[in-house]
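Participant: So that we are looking at the same thing, I have put the structure below in structure tokens.
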Amino acid sequence: MHGENVHEMEYDICMQRHSALYGIEQEYTLLQTNVKWPLGWPTGGYIGPQSPYYCGAGADKSFERDISDAHYKACLYAGINISGTNGKVMPGQWEYQVGPSVGIEAGDHIWCSRGLLNKLALLSLLIQNQLRVTRMVLVATPNSTKRMREDGGFEMIKKVILNLSLRHVDYISAYGEGNERRLTGKHETASIDTFSWGVANRGCLIRVGRDTEKNGKDKFPVKLQ
């Protein structure tokens, strides 16, 4: 039997046994073409740390919301399992969420959604002669299994977290390149050198929702930063 067929069988068995759900949170930054600087930033200058842009509203806090809204509607029209969107902690930066989806389906949805986002940025150039260049920043990957969503699932979540902590260096090294520049321990990020988890804690590597702790089980996937 070919190796790819074996992997496909293993994947099918895993999905049937664990009903794993995944979500992907995609962040991106919109840039001005003439200066390659984020929209909403003073040209050649910087904004203050942790300014009032996260989930903000208003012309002085939410820049190019039309792109985010148009992308959300385009994803819905295309049948992509998009579930939310919000402004991030700096001007010109946005995020949208895909999922929860079963297994690797989340990956298919995120790639299609990225294609739509880039097409919308190009369309903005053709209509307004002002290109909103998109730069994909990072993704976070919420996930959960059937056992985590059943009664007593919080105990299973803590067991999984313990297992992850024991091989933190191995797992973080396989989680893509350049994470040491992002996971600095500053600006609501965890340190890449130290394993951490917490309930409703934005500064941890693994964030468990408040409702998960309260209900003793998971309703939505647990988030990996």
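Letters for chains follow the order of the structure tokens (A, B, ...), residue numbers begin at 1 for each chain, and ligand numbers begin at 1 in the order shown.
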Residues at most 8 Å from Lys146 in chain A, counting only C-alpha atoms, excluding those fewer than 4 positions away in the same chain, as a PDB file with N, CA, C and O atoms, in the first residue's frame?
Facilitator:
ATOM      1  N   HIS A  18     -11.734  11.186  16.905  1.00  0.00           N
ATOM      2  CA  HIS A  18     -11.562  12.396  17.708  1.00  0.00           C
ATOM      3  C   HIS A  18     -12.397  13.582  17.243  1.00  0.00           C
ATOM      4  O   HIS A  18     -12.527  14.553  17.987  1.00  0.00           O
ATOM      5  N   SER A  19     -12.945  13.520  16.024  1.00  0.00           N
ATOM      6  CA  SER A  19     -13.737  14.638  15.482  1.00  0.00           C
ATOM      7  C   SER A  19     -13.035  15.970  15.748  1.00  0.00           C
ATOM      8  O   SER A  19     -13.605  16.905  16.309  1.00  0.00           O
ATOM      9  N   ALA A  20     -11.786  16.056  15.342  1.00  0.00           N
ATOM     10  CA  ALA A  20     -10.974  17.252  15.617  1.00  0.00           C
ATOM     11  C   ALA A  20     -11.491  18.463  14.844  1.00  0.00           C
ATOM     12  O   ALA A  20     -11.723  18.390  13.643  1.00  0.00           O
ATOM     13  N   GLU A 150     -16.754  17.173  25.467  1.00  0.00           N
ATOM     14  CA  GLU A 150     -17.675  16.404  26.299  1.00  0.00           C
ATOM     15  C   GLU A 150     -17.525  16.814  27.764  1.00  0.00           C
ATOM     16  O   GLU A 150     -16.589  17.522  28.140  1.00  0.00           O
TER      17      GLU A 150
END
Participant: Could you list, as a list in words, every residue within 12 Å of range 167-172 of chain A, counting only C-alpha atoms and ignoring same-chain residues fewer than 2 positions away?
Facilitator: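 Listed by chain and then number, they are Val160, Ile161, Leu162, Asn163, Leu164, Ser165, Ala174, Tyr175, Gly176, Glu177, Gly178, Asn179, Glu180, Leu183, Ser191, Ile192, Asp193, Thr194, Phe195, Ser196, Trp197, Leu205, Ile206, Leu224 and Gln225 of chain A.
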Participant: Can you tell me, as a PyMOL selection string, what residues are no more than 7 Å from range 92-94 of chain A when counting only C-alpha atoms, ignoring any on the same chain fewer than 4 positions away?
Facilitator: chain A and resi 27-30+38-40+63+86-88
Participant: Print the selection's residues with N, CA, C and O atoms to a file, as an mmCIF file, in the first residue's frame.
Facilitator:
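Written output follows (selection.cif):
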data_model
loop_
_atom_site.group_PDB
_atom_site.id
_atom_site.type_symbol
_atom_site.label_atom_id
_atom_site.label_comp_id
_atom_site.auth_asym_id
_atom_site.auth_seq_id
_atom_site.Cartn_x
_atom_site.Cartn_y
_atom_site.Cartn_z
ATOM 1 N N GLU A 27 -4.050 37.164 10.438
ATOM 2 C CA GLU A 27 -3.815 38.596 10.558
ATOM 3 C C GLU A 27 -3.147 39.106 9.275
ATOM 4 O O GLU A 27 -2.382 38.398 8.635
ATOM 5 N N TYR A 28 -3.434 40.345 8.928
ATOM 6 C CA TYR A 28 -2.791 40.945 7.756
ATOM 7 C C TYR A 28 -2.685 42.449 7.958
ATOM 8 O O TYR A 28 -3.414 43.045 8.750
ATOM 9 N N THR A 29 -1.755 43.065 7.234
ATOM 10 C CA THR A 29 -1.527 44.503 7.318
ATOM 11 C C THR A 29 -1.688 45.122 5.943
ATOM 12 O O THR A 29 -1.173 44.602 4.950
ATOM 13 N N LEU A 30 -2.395 46.235 5.875
ATOM 14 C CA LEU A 30 -2.585 46.980 4.638
ATOM 15 C C LEU A 30 -1.541 48.085 4.549
ATOM 16 O O LEU A 30 -1.367 48.857 5.494
ATOM 17 N N PRO A 38 2.421 51.170 6.781
ATOM 18 C CA PRO A 38 1.044 50.779 7.115
ATOM 19 C C PRO A 38 0.065 51.943 7.018
ATOM 20 O O PRO A 38 0.390 53.079 7.388
ATOM 21 N N LEU A 39 -1.117 51.664 6.548
ATOM 22 C CA LEU A 39 -2.165 52.674 6.488
ATOM 23 C C LEU A 39 -2.515 53.147 7.896
ATOM 24 O O LEU A 39 -2.614 52.348 8.825
ATOM 25 N N GLY A 40 -2.689 54.464 8.040
ATOM 26 C CA GLY A 40 -3.024 55.025 9.342
ATOM 27 C C GLY A 40 -1.829 55.437 10.162
ATOM 28 O O GLY A 40 -1.979 56.068 11.210
ATOM 29 N N PHE A 63 -9.029 51.972 10.186
ATOM 30 C CA PHE A 63 -8.627 52.389 8.848
ATOM 31 C C PHE A 63 -8.905 51.296 7.824
ATOM 32 O O PHE A 63 -8.528 50.142 8.014
ATOM 33 N N ASN A 86 -11.973 41.407 12.923
ATOM 34 C CA ASN A 86 -11.795 42.512 13.868
ATOM 35 C C ASN A 86 -10.516 43.268 13.567
ATOM 36 O O ASN A 86 -9.580 42.723 12.960
ATOM 37 N N GLY A 87 -10.500 44.545 13.992
ATOM 38 C CA GLY A 87 -9.289 45.339 13.893
ATOM 39 C C GLY A 87 -8.274 44.884 14.939
ATOM 40 O O GLY A 87 -8.642 44.418 16.021
ATOM 41 N N LYS A 88 -6.993 45.039 14.628
ATOM 42 C CA LYS A 88 -5.939 44.605 15.538
ATOM 43 C C LYS A 88 -5.339 45.791 16.295
ATOM 44 O O LYS A 88 -5.907 46.881 16.315
#
Participant: Could you write out, as a ChimeraX atom specification, all the residues of range 11-72 of chain A that DSSP marks as alpha helix (DSSP H)?
Facilitator: /A:11-18,65-72
Participant: Once you have the residues from the selection above, write them out as an mmCIF file, in the first residue's frame, restricted to N, CA, C and O atoms.
Facilitator:
data_model
loop_
_atom_site.group_PDB
_atom_site.id
_atom_site.type_symbol
_atom_site.label_atom_id
_atom_site.label_comp_id
_atom_site.auth_asym_id
_atom_site.auth_seq_id
_atom_site.Cartn_x
_atom_site.Cartn_y
_atom_site.Cartn_z
ATOM 1 N N TYR A 11 -5.601 9.391 8.752
ATOM 2 C CA TYR A 11 -6.315 10.648 8.947
ATOM 3 C C TYR A 11 -7.807 10.400 9.124
ATOM 4 O O TYR A 11 -8.446 10.972 10.014
ATOM 5 N N ASP A 12 -8.380 9.540 8.279
ATOM 6 C CA ASP A 12 -9.813 9.232 8.368
ATOM 7 C C ASP A 12 -10.165 8.613 9.718
ATOM 8 O O ASP A 12 -11.177 8.960 10.336
ATOM 9 N N ILE A 13 -9.317 7.695 10.184
ATOM 10 C CA ILE A 13 -9.555 7.052 11.480
ATOM 11 C C ILE A 13 -9.485 8.081 12.599
ATOM 12 O O ILE A 13 -10.305 8.101 13.521
ATOM 13 N N CYS A 14 -8.492 8.982 12.508
ATOM 14 C CA CYS A 14 -8.322 10.028 13.529
ATOM 15 C C CYS A 14 -9.539 10.937 13.570
ATOM 16 O O CYS A 14 -10.023 11.301 14.645
ATOM 17 N N MET A 15 -10.062 11.304 12.408
ATOM 18 C CA MET A 15 -11.223 12.185 12.357
ATOM 19 C C MET A 15 -12.458 11.491 12.939
ATOM 20 O O MET A 15 -13.255 12.103 13.661
ATOM 21 N N GLN A 16 -12.627 10.216 12.632
ATOM 22 C CA GLN A 16 -13.775 9.480 13.154
ATOM 23 C C GLN A 16 -13.691 9.318 14.668
ATOM 24 O O GLN A 16 -14.692 9.405 15.374
ATOM 25 N N ARG A 17 -12.489 9.107 15.167
ATOM 26 C CA ARG A 17 -12.312 8.848 16.598
ATOM 27 C C ARG A 17 -12.355 10.130 17.419
ATOM 28 O O ARG A 17 -12.934 10.168 18.507
ATOM 29 N N HIS A 18 -11.734 11.186 16.905
ATOM 30 C CA HIS A 18 -11.562 12.396 17.708
ATOM 31 C C HIS A 18 -12.397 13.582 17.243
ATOM 32 O O HIS A 18 -12.527 14.553 17.987
ATOM 33 N N ARG A 65 -11.760 49.892 6.864
ATOM 34 C CA ARG A 65 -12.712 48.852 7.259
ATOM 35 C C ARG A 65 -13.453 48.295 6.047
ATOM 36 O O ARG A 65 -13.925 47.155 6.064
ATOM 37 N N ASP A 66 -13.561 49.101 4.974
ATOM 38 C CA ASP A 66 -14.283 48.639 3.798
ATOM 39 C C ASP A 66 -13.656 47.390 3.201
ATOM 40 O O ASP A 66 -14.356 46.505 2.697
ATOM 41 N N ILE A 67 -12.317 47.290 3.270
ATOM 42 C CA ILE A 67 -11.640 46.096 2.759
ATOM 43 C C ILE A 67 -12.000 44.885 3.611
ATOM 44 O O ILE A 67 -12.311 43.804 3.106
ATOM 45 N N SER A 68 -11.965 45.053 4.926
ATOM 46 C CA SER A 68 -12.294 43.954 5.830
ATOM 47 C C SER A 68 -13.739 43.496 5.631
ATOM 48 O O SER A 68 -14.017 42.299 5.549
ATOM 49 N N ASP A 69 -14.660 44.455 5.543
ATOM 50 C CA ASP A 69 -16.074 44.106 5.374
ATOM 51 C C ASP A 69 -16.330 43.441 4.021
ATOM 52 O O ASP A 69 -17.076 42.452 3.928
ATOM 53 N N ALA A 70 -15.713 43.989 2.963
ATOM 54 C CA ALA A 70 -15.905 43.415 1.632
ATOM 55 C C ALA A 70 -15.342 41.999 1.555
ATOM 56 O O ALA A 70 -15.930 41.106 0.931
ATOM 57 N N HIS A 71 -14.206 41.792 2.221
ATOM 58 C CA HIS A 71 -13.603 40.452 2.230
ATOM 59 C C HIS A 71 -14.497 39.455 2.962
ATOM 60 O O HIS A 71 -14.676 38.322 2.515
ATOM 61 N N TYR A 72 -15.057 39.891 4.079
ATOM 62 C CA TYR A 72 -15.959 39.017 4.843
ATOM 63 C C TYR A 72 -17.147 38.587 3.989
ATOM 64 O O TYR A 72 -17.510 37.404 3.931
#
Participant: So the first atom is CA of Tyr96 in chain A and the second is CA of Gly56 in chain A; what is the distance between them in Å, to one decimal place?
Facilitator: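 Between CA of Tyr96 in chain A and CA of Gly56 in chain A the gap works out to 14.6 Å.
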Participant: What is the distance, in Å and to one decimal place, between CA of Leu117 in chain A and CA of Cys75 in chain A?
Facilitator: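 Here the two named atoms are 9.0 Å from each other.
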Participant: Using DSSP secondary structure from the backbone, list all strand (DSSP E) positions within range 1-223 of chain A, as a ChimeraX atom specification.
Facilitator: /A:21-32,82-87,93-102,132-140,143-144,197-199,206-208,223
Participant: So how far away is CA of Ala140 in chain A from CA of Gly185 in chain A, in Å?
Facilitator: 16.1 Å
Participant: What's the 8 Å shell around Gly23 in chain A, counting only C-alpha atoms, without same-chain residues fewer than 4 positions away, as a list in words?
Facilitator: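 These residues fall inside the cut-off: Gln97, Val98, Gly99, Pro100, Ser101, Ala106, Thr141, Pro142, Asn143 and Pro221 of chain A.
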Participant: Keeping only N, CA and C atoms, take the residues you just selected and write them out as a PDB file, in the first residue's frame.
Facilitator:
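Output saved as selection-v6.pdb:
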ATOM      1  N   GLN A  97     -11.256  35.270  11.027  1.00  0.00           N
ATOM      2  CA  GLN A  97     -11.212  33.902  11.539  1.00  0.00           C
ATOM      3  C   GLN A  97     -11.963  32.961  10.614  1.00  0.00           C
ATOM      4  N   VAL A  98     -11.357  31.809  10.346  1.00  0.00           N
ATOM      5  CA  VAL A  98     -11.967  30.751   9.547  1.00  0.00           C
ATOM      6  C   VAL A  98     -12.178  29.535  10.438  1.00  0.00           C
ATOM      7  N   GLY A  99     -13.357  28.912  10.342  1.00  0.00           N
ATOM      8  CA  GLY A  99     -13.665  27.743  11.140  1.00  0.00           C
ATOM      9  C   GLY A  99     -14.694  28.069  12.219  1.00  0.00           C
ATOM     10  N   PRO A 100     -14.961  27.112  13.132  1.00  0.00           N
ATOM     11  CA  PRO A 100     -14.331  25.801  13.231  1.00  0.00           C
ATOM     12  C   PRO A 100     -14.664  24.910  12.032  1.00  0.00           C
ATOM     13  N   SER A 101     -13.664  24.168  11.586  1.00  0.00           N
ATOM     14  CA  SER A 101     -13.808  23.236  10.482  1.00  0.00           C
ATOM     15  C   SER A 101     -13.229  21.898  10.902  1.00  0.00           C
ATOM     16  N   ALA A 106      -9.961  23.258   7.244  1.00  0.00           N
ATOM     17  CA  ALA A 106      -9.664  24.643   7.624  1.00  0.00           C
ATOM     18  C   ALA A 106      -8.540  25.216   6.768  1.00  0.00           C
ATOM     19  N   THR A 141      -3.979  29.138  15.683  1.00  0.00           N
ATOM     20  CA  THR A 141      -4.715  27.930  15.312  1.00  0.00           C
ATOM     21  C   THR A 141      -5.486  27.355  16.495  1.00  0.00           C
ATOM     22  N   PRO A 142      -6.709  27.777  16.714  1.00  0.00           N
ATOM     23  CA  PRO A 142      -7.559  27.126  17.717  1.00  0.00           C
ATOM     24  C   PRO A 142      -7.886  25.698  17.295  1.00  0.00           C
ATOM     25  N   ASN A 143      -7.969  24.788  18.246  1.00  0.00           N
ATOM     26  CA  ASN A 143      -8.349  23.408  17.913  1.00  0.00           C
ATOM     27  C   ASN A 143      -8.921  22.702  19.128  1.00  0.00           C
ATOM     28  N   PRO A 221     -12.757  25.811  19.877  1.00  0.00           N
ATOM     29  CA  PRO A 221     -11.382  25.334  19.961  1.00  0.00           C
ATOM     30  C   PRO A 221     -10.488  26.163  20.862  1.00  0.00           C
TER      31      PRO A 221
END
